[in-house]
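Comments concern the structure below.
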Amino acid sequence: MAGQTLYDKLWQQHLVESHPDGTSLLYIDRHLLHEVTSPQAFEGLRLAGRKPWRLDANLAVSDHNVPTTTAERAGGVEGIIDPISRLQVQTLGDNCSDFDIVEIPINDRRQGIVHVVGPEQGATLPGMTVVCGDSHTSTHGALGALAHGIGTSEVEHVLASQCLSTKKMKNMLVRVDGQLQKGVTAKDLALAIIGKIGTAGGTGYAIEFGGEAVRSLSMEGRMTLCNMSIEAGARAGMVAVDDTTIEYVKGRTYAPKGEQWEQAVAAWSELHSDDDAVFDAVVEMRAEDIQPQVTWGTSPEMVLPIDGLLPDPDSFDSETARESVRRALEYMGLKAGMPITDIKPDRIFIGSCTNSRIEDLREAAAVVRGKQVAASVKQALVVPGSGEVKAQAEAEGLDKIFVEAGMEWREPGCSMCLAMNADKLGDGEHCASTSNRNFEGRQGFGGRTHLVSPAMAAAAAVAGHFVDVRNWQEGA
Amino acid sequence: MRSFTVHEGIVAPMDRANVDTDLIIPKQFLKSIKRSGFGPNLFDALRYLDEGQPGQDNSKRPLNPDFPLNQPRYAGASILLTRKNFGCGSSREHAPWALEDFGFRCVIAPSYADIFFNNCFKNGVLPIVLPEETVSDLFEKMYAEEGFSLTIDLPAQEIRSASGEVIPFEVEEFRKHCLVNGLDDIGLTLQSAEAIRAFEKQHQQRNPWLFGSLK
Ligand code: SF4
């Protein structure tokens with residue numbers, strides 16, 4: 001019998017039962033909740049007179065709607081100016097107290113974007129099944145966990161039964177051999193993979209990222225990579241457990257301690273695909289070939305290396321493709337044949353569950369240190385992923401570097417990643433953004449998003465247009 | 001959940017690939033804590049000429065006359081015909097809620113994003129997958145004939161047109177069973193409560209660190 005993939009192992013370890021057609025009950029170890037996708041689930045429980053199955057499996061935090069200015073944040077939940085946002089954040093609080101679920105309050109130092117908070121607190125661990133009513137739950141797969149987004153009906157289902165009713169996905173291996181060049185990050189790798197396989201390339205699969213380049217990534221880099229699995233169509237992305245994983249988890253608030261730690265480490269060391277495991281699909285890439293990436297269109301697969309030229313719609317072979325490229329160019333206000341480096345962002349956003357961890361902020365700070373944001377840039381926001389990240393950045397003086405360069409240093413939250421709070425693009429504005437989606441209107445009505453790495457966003461802020469960060473002179 | 005057996009309705013187009021959930025229901029409407037009322041904001045950015053806000057009186061907003069759902073010929077449509085990878089992007093269940101609230105009971109496309117596909121079944125909306133050529137063919141017929149309608153027969157797993165054409169489609173047995181009978185998923189799962197409890201006990205013995213750390 002062939003060996004098992006990491007996904008096969010995680011699946012099998014959590015399988016409660018399966019029907020002949022493959023529909024299965026999968027046991028869920030950790031359920032993360034936020035304010036946008038949970039209210040209707042709690043309401044459903046109430047209507048049916050049900051209670052959460054297991055209280056210690058759930059952790060809630062508000063992130064999507066929270067304001068990020070220090071002044072507005074100072075007023076706590078009551079201080080949120082937008083009444084509809086306030087109600088949603090308040091509703092999460094009320095639901096958590098009604099159902100006795102652990103919630104991190106909005107001005108707690110541990111608050112932040114749910115996908116930053118989980119691993120940071122050790123609330124998500126290797127070998128777990130992790131779900132959340134949010135598609136970027138794939139982030140937690142970086143720890144060697146099976147983690148994916150679910151809908152609100154499933155949030156209710158997991159609350160009520162601790163299980164997900166689902167079917168097994170297929171296995172895909174994305175193997176990246178060699179080493180990334182200096183200045184090329186996990187974000188560029190993620191975008192290059194999506195550029196190669198497309199936004200539906202991973203549909204129906206759980207992706208395992210492997211190969212030397214992935215092994216060499218820090219945990220934070222792996223989180224960035226797994227975060228964007230969903231942009232390649234895959235609900236789950238994961239990386240095998242190794243020493244980097246164990247080192248990262250050790251000592252975190254909710255991580256096991258003492259004897260249990262030893263026991264856990266022994267179990268986690270099995271969390272990798274067997275040598276003879278069989279994948280349904282394998283994608284191979286060379287890390288050396290990957291350049292810094294910039295998206296030019298309205299889908300993450302509309303991406304080019306920094307030295308690229310915008311595509312000509314007529315060069316595509318199907319009418320659907322021609323039409324979508326034409327529409328994207330029109331929406332973005334860009335012309336075929338234009339160099340990526342001619343695009344001038346009006347705003348810069350460094351943040352989101354993709355790129356708001358301490359290493360991301362360090363990379364961005366290294367680029368802007370001693371420099372000034374270009375006069376043509378209206379606003380450059382730096383939004384740390386959590387209160388812990390914020391405190392660490394401040395301890396290292398990164399906040400000062402950003403502020404001296406003319407950037408705004410904010411309180412943690414999702415912010416301009418989806419613009420549910422006050423941080424948004426104006427109609428027609430271009431943004432160099434470290435987030436994960438460049439859909440029409442994602443960052444504000446008529447807004448035009450270009451997805452990049454933190455270093456690339458920072459360099460564009462200073463230069464006033466996209467530049468190749470590999471040629472950047474730091475501190476000069 | 002509303003059950004789905006045989007449904008006849010007018011077909012309306014959403015003629016593009018990769019329609020994402022931000023396009024189906026923009027994020028400002030996700031601030032609602034209710035499950036209903038999203039229909040007037042379905043495809044908001046395409047349907048209206050201004051930027052929509054939650055709680056607004058939508059009947060006073062300027063409509064985009066070029067958008068099919070605003071055209072009389074598609075009035076009352078309940079079947080949405082679209083291109084590949086429909087529903088990509090976020091996990092927001094507000095997307096099927098908006099489709100359902102607007103009156104769509106069925107979507108036909110060559111492919112869907114996984115989470116959206118799943119969410120549809122939980123809300124009485126049937127997402128049908130047909131080969132790309134069949135979908136293109138249906139687009140042509142729909143454009144050619146005003147009031148073009150189809151009958152979706154879920155128990156028989158076939159689509160029938162007025163001209164007598166029959167198109168079979170696949171659907172997973174269990175999902176079909178739930179949809180046809182309007183079954184609540186949670187109720188079904190809780191029938192296995194014993195099995196879940198037994199599993200949980202063993203799971204805890206093997207991995208004690210997974211229990212009790214948060215609370
Ligand atoms: S940062 Fe963006 S992608 Fe991540 S959870 Fe928040 S809104 Fe979603």
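FYI, nothing fancy with the structure tokens labels: chains A, B, ... in order, residues from 1 per chain, ligands from 1 as they appear.
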
Would you name the residues within 6 Å of ligand 1, counting only C-alpha atoms and all ligand atoms, and put them as a short mmCIF file (atom, residue, chain, number, x, y, z; two decimals) with all heavy atoms, in the first residue's frame?
```
data_model
loop_
_atom_site.label_atom_id
_atom_site.label_comp_id
_atom_site.auth_asym_id
_atom_site.auth_seq_id
_atom_site.Cartn_x
_atom_site.Cartn_y
_atom_site.Cartn_z
N HIS A 64 -12.58 42.30 11.50
CA HIS A 64 -12.93 42.89 10.21
C HIS A 64 -13.40 44.34 10.30
O HIS A 64 -13.07 45.17 9.47
CB HIS A 64 -14.02 42.05 9.53
CG HIS A 64 -13.51 40.78 8.94
ND1 HIS A 64 -12.95 39.79 9.70
CD2 HIS A 64 -13.48 40.33 7.66
CE1 HIS A 64 -12.59 38.78 8.91
NE2 HIS A 64 -12.90 39.08 7.67
N ILE A 113 -5.98 40.24 13.84
CA ILE A 113 -6.64 39.47 12.79
C ILE A 113 -6.63 38.00 13.22
O ILE A 113 -5.59 37.48 13.62
CB ILE A 113 -5.92 39.64 11.44
CG1 ILE A 113 -5.77 41.12 11.10
CG2 ILE A 113 -6.65 38.89 10.34
CD1 ILE A 113 -4.85 41.38 9.92
N HIS A 136 -9.52 32.58 4.59
CA HIS A 136 -8.06 32.58 4.79
C HIS A 136 -7.61 31.75 5.98
O HIS A 136 -6.46 31.84 6.42
CB HIS A 136 -7.54 34.01 4.86
CG HIS A 136 -7.63 34.65 3.50
ND1 HIS A 136 -8.65 35.51 3.18
CD2 HIS A 136 -6.90 34.49 2.38
CE1 HIS A 136 -8.52 35.86 1.91
NE2 HIS A 136 -7.47 35.26 1.40
N SER A 352 -2.93 43.10 6.69
CA SER A 352 -3.77 41.93 6.36
C SER A 352 -3.18 40.62 6.89
O SER A 352 -2.00 40.55 7.22
CB SER A 352 -4.01 41.78 4.86
OG SER A 352 -2.99 40.99 4.28
N CYS A 353 -4.02 39.59 6.93
CA CYS A 353 -3.56 38.30 7.45
C CYS A 353 -2.49 37.67 6.57
O CYS A 353 -1.86 36.69 6.96
CB CYS A 353 -4.75 37.34 7.62
SG CYS A 353 -5.68 37.07 6.11
N CYS A 414 -8.25 44.16 10.27
CA CYS A 414 -8.21 43.82 8.83
C CYS A 414 -8.05 45.08 7.98
O CYS A 414 -7.47 45.05 6.90
CB CYS A 414 -9.49 43.11 8.42
SG CYS A 414 -9.67 41.49 9.18
N CYS A 417 -7.71 45.81 3.92
CA CYS A 417 -7.72 44.56 3.15
C CYS A 417 -9.08 44.38 2.52
O CYS A 417 -9.18 43.94 1.38
CB CYS A 417 -7.41 43.38 4.05
SG CYS A 417 -7.61 41.83 3.20
N LEU A 418 -10.14 44.69 3.26
CA LEU A 418 -11.46 44.62 2.64
C LEU A 418 -12.31 45.84 2.94
O LEU A 418 -13.46 45.89 2.52
CB LEU A 418 -12.20 43.31 2.99
CG LEU A 418 -13.17 43.31 4.18
CD1 LEU A 418 -14.05 42.10 4.12
CD2 LEU A 418 -12.44 43.44 5.45
#
```

Output as a ChimeraX atom specification all residues of range 39-79 of chain B that backbone DSSP marks as alpha helix (DSSP H). /B:44-47

Can you pull out every residue within 8 Å of range 135-143 of chain B, counting only C-alpha atoms, but drop anything in the same chain fewer than 3 positions away, and send it as a VMD selection string? chain B and resid 11 to 13 81 to 83 108 to 110 130 to 132 146 to 149

Prev. selection, N, CA and C atoms, output as a CSV table (one decimal), in the first residue's frame:
```csv
chain,number,residue,atom,x,y,z
B,11,VAL,N,-34.4,32.1,-17.2
B,11,VAL,CA,-32.9,32.0,-17.0
B,11,VAL,C,-32.3,33.4,-17.3
B,12,ALA,N,-31.5,33.9,-16.4
B,12,ALA,CA,-30.8,35.2,-16.6
B,12,ALA,C,-29.3,35.0,-16.7
B,13,PRO,N,-28.6,35.8,-17.4
B,13,PRO,CA,-27.2,35.6,-17.6
B,13,PRO,C,-26.3,36.4,-16.6
B,81,LEU,N,-27.4,31.7,-15.1
B,81,LEU,CA,-26.5,31.0,-16.0
B,81,LEU,C,-25.2,31.8,-16.0
B,82,THR,N,-24.0,31.2,-15.8
B,82,THR,CA,-22.8,31.9,-15.7
B,82,THR,C,-21.6,31.1,-16.1
B,83,ARG,N,-20.4,31.7,-16.1
B,83,ARG,CA,-19.2,31.0,-16.6
B,83,ARG,C,-18.4,30.4,-15.4
B,108,ILE,N,-26.3,27.7,-12.9
B,108,ILE,CA,-25.7,26.7,-13.9
B,108,ILE,C,-24.4,27.3,-14.3
B,109,ALA,N,-23.3,26.6,-14.2
B,109,ALA,CA,-22.0,27.0,-14.5
B,109,ALA,C,-21.1,25.8,-14.8
B,110,PRO,N,-20.0,26.0,-15.6
B,110,PRO,CA,-19.0,24.9,-15.8
B,110,PRO,C,-18.3,24.5,-14.6
B,130,LEU,N,-22.2,21.9,-15.6
B,130,LEU,CA,-22.4,21.4,-16.9
B,130,LEU,C,-21.1,21.6,-17.7
B,131,PRO,N,-20.8,20.8,-18.7
B,131,PRO,CA,-19.6,21.1,-19.5
B,131,PRO,C,-19.7,22.5,-20.1
B,132,GLU,N,-18.5,23.0,-20.4
B,132,GLU,CA,-18.4,24.4,-20.9
B,132,GLU,C,-19.2,24.6,-22.2
B,146,GLU,N,-36.4,35.5,-25.9
B,146,GLU,CA,-36.9,36.3,-24.8
B,146,GLU,C,-37.7,35.4,-23.9
B,147,GLY,N,-37.6,35.5,-22.6
B,147,GLY,CA,-38.3,34.6,-21.7
B,147,GLY,C,-37.9,33.2,-21.6
B,148,PHE,N,-36.7,32.9,-22.1
B,148,PHE,CA,-36.2,31.6,-22.1
B,148,PHE,C,-36.2,31.0,-20.7
B,149,SER,N,-36.9,29.8,-20.6
B,149,SER,CA,-36.9,29.2,-19.3
B,149,SER,C,-36.6,27.7,-19.4
```

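Every protein, DNA or RNA residue with an atom at most 9 Å from Asp177 in chain A, where only C-alpha atoms count and chain neighbours fewer than 6 positions away do not, is listed here: Gly210, Gly211, Glu212, Ala213, Val214, Glu284, Met285, Arg286, Ala287 and Glu288 of chain A.
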
Check range 102-134 of chain A with DSSP on the backbone and list each residue it calls strand (DSSP E), as a PyMOL selection string. chain A and resi 102-104+129-132

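Near Arg92 in chain B, within a cut-off of 9 Å and counting only C-alpha atoms, sit the residues Val36, Thr37, Gly133, Asp134, Ser135, Ile150, Gly151 and Thr152 of chain A; Thr21, Asp22, Ile25, Leu30, Gly89, Ser90, His94, Ala95, Pro96, Ile115, Phe116 and Asn119 of chain B, with same-chain residues fewer than 2 positions away left out.
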
Using the selection just defined, write its residues with C-alpha atoms as a PDB file, in the first residue's frame.
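Saved the output as selection-v9.pdb:
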```
ATOM      1  CA  VAL A  36     -18.848  38.996  10.378  1.00  0.00           C
ATOM      2  CA  THR A  37     -19.690  35.357   9.754  1.00  0.00           C
ATOM      3  CA  GLY A 133     -15.921  31.240   8.905  1.00  0.00           C
ATOM      4  CA  ASP A 134     -13.255  32.857   6.792  1.00  0.00           C
ATOM      5  CA  SER A 135     -11.573  31.602   3.671  1.00  0.00           C
ATOM      6  CA  ILE A 150     -16.252  27.360   6.185  1.00  0.00           C
ATOM      7  CA  GLY A 151     -19.575  29.104   5.609  1.00  0.00           C
ATOM      8  CA  THR A 152     -21.880  30.385   8.316  1.00  0.00           C
TER       9      THR A 152
ATOM     10  CA  THR B  21     -18.171  36.731  -3.846  1.00  0.00           C
ATOM     11  CA  ASP B  22     -17.259  40.432  -3.459  1.00  0.00           C
ATOM     12  CA  ILE B  25     -22.485  40.758  -2.433  1.00  0.00           C
ATOM     13  CA  LEU B  30     -21.839  41.871   5.422  1.00  0.00           C
ATOM     14  CA  GLY B  89     -13.036  34.420  -3.123  1.00  0.00           C
ATOM     15  CA  SER B  90     -14.346  34.661   0.376  1.00  0.00           C
ATOM     16  CA  HIS B  94     -24.069  36.024   2.335  1.00  0.00           C
ATOM     17  CA  ALA B  95     -23.439  35.180  -1.346  1.00  0.00           C
ATOM     18  CA  PRO B  96     -25.956  32.315  -1.549  1.00  0.00           C
ATOM     19  CA  ILE B 115     -16.762  26.904  -0.383  1.00  0.00           C
ATOM     20  CA  PHE B 116     -19.430  28.712  -2.388  1.00  0.00           C
ATOM     21  CA  ASN B 119     -22.719  26.989   0.913  1.00  0.00           C
TER      22      ASN B 119
END
```

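The shell of residues at most 10 Å from Tyr331 in chain A, with only C-alpha atoms counted and near chain neighbours (fewer than 2 positions) removed, consists of A:Gly297, A:Thr298, A:Val325, A:Arg326, A:Arg327, A:Ala328, A:Leu329, A:Gly333, A:Leu334, A:Gly428, A:Glu440, A:Gly441, A:Gly446, A:Gly447, A:Arg448.
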
Please, could you write that set of residues out with C-alpha atoms as an mmCIF file, in the first residue's frame?
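Result file part_3.cif:
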```
data_model
loop_
_atom_site.group_PDB
_atom_site.id
_atom_site.type_symbol
_atom_site.label_atom_id
_atom_site.label_comp_id
_atom_site.auth_asym_id
_atom_site.auth_seq_id
_atom_site.Cartn_x
_atom_site.Cartn_y
_atom_site.Cartn_z
ATOM 1 C CA GLY A 297 -5.753 43.049 -12.886
ATOM 2 C CA THR A 298 -8.814 42.084 -10.880
ATOM 3 C CA VAL A 325 -8.469 40.723 -19.661
ATOM 4 C CA ARG A 326 -10.190 43.566 -21.522
ATOM 5 C CA ARG A 327 -12.564 44.169 -18.632
ATOM 6 C CA ALA A 328 -9.738 44.036 -16.075
ATOM 7 C CA LEU A 329 -7.591 46.533 -17.995
ATOM 8 C CA GLY A 333 -7.506 52.107 -16.015
ATOM 9 C CA LEU A 334 -4.412 50.531 -17.573
ATOM 10 C CA GLY A 428 -10.229 55.026 -9.319
ATOM 11 C CA GLU A 440 -13.194 44.869 -8.157
ATOM 12 C CA GLY A 441 -14.113 47.158 -5.277
ATOM 13 C CA GLY A 446 -13.868 51.688 -7.772
ATOM 14 C CA GLY A 447 -10.562 51.005 -5.993
ATOM 15 C CA ARG A 448 -7.691 49.403 -7.937
#
```

Would you compute the distance between CA of Ala60 in chain A and CA of Asp185 in chain B? Give it in Å to one decimal. 23.5 Å

Can you build me a table of range 152-260 of chain A residues sitting at most 10 Å from range 202-214 of chain B, with the closest atom pair per residue and its distance in Å to one decimal, using only C-alpha atoms, sorted by chain and residue number, as JSON lines?
```
{"residue": "A:Thr253", "atom": "CA", "partner": "B:Ser213", "partner_atom": "CA", "distance": 9.1}
{"residue": "A:Tyr254", "atom": "CA", "partner": "B:Ser213", "partner_atom": "CA", "distance": 5.9}
{"residue": "A:Ala255", "atom": "CA", "partner": "B:Trp209", "partner_atom": "CA", "distance": 7.8}
{"residue": "A:Pro256", "atom": "CA", "partner": "B:Trp209", "partner_atom": "CA", "distance": 5.6}
{"residue": "A:Lys257", "atom": "CA", "partner": "B:Trp209", "partner_atom": "CA", "distance": 8.6}
{"residue": "A:Gln260", "atom": "CA", "partner": "B:Trp209", "partner_atom": "CA", "distance": 6.3}
```

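Non-sequential neighbours of Ala156 in chain B (distance at most 10 Å, separation of 6 or more positions within a chain, only C-alpha atoms) are Thr5, Val6, Pro168 and Phe169 of chain B.
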
What does the file look like for those residues with N, CA and C atoms, as a compact mmCIF listing (two decimals), in the first residue's frame?
```
# COMPACT_ATOMS: atom_id res chain seq x y z
N THR B 5 -37.31 20.35 -5.41
CA THR B 5 -37.61 19.15 -6.19
C THR B 5 -37.60 19.49 -7.68
N VAL B 6 -38.76 19.92 -8.19
CA VAL B 6 -38.80 20.33 -9.59
C VAL B 6 -39.07 21.83 -9.64
N PRO B 168 -28.89 15.97 -18.85
CA PRO B 168 -28.70 15.33 -17.53
C PRO B 168 -27.59 16.05 -16.74
N PHE B 169 -27.66 16.00 -15.44
CA PHE B 169 -26.56 16.56 -14.63
C PHE B 169 -26.28 15.66 -13.44
```

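Put simply, CA of Cys431 in chain A is 8.3 Å away from CA of Leu451 in chain A.
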
For Gly44 in chain A, the closest of B:Val166, B:Lys34, B:Ile24, B:Pro62 counting only C-alpha atoms is B:Lys34

Name the closest residue to Met1 in chain B among the candidates B:Val19, B:Cys178, B:Ala45, B:Ile196; distances are taken between atoms, counting only C-alpha atoms. B:Cys178

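Nearest to Phe43 in chain B of all the residues B:Lys60, B:Gly9, B:Leu188, B:Phe102 is B:Phe102, based on only C-alpha atoms.
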
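CA of Leu361 in chain A is found 7.5 Å from CA of Leu398 in chain A.
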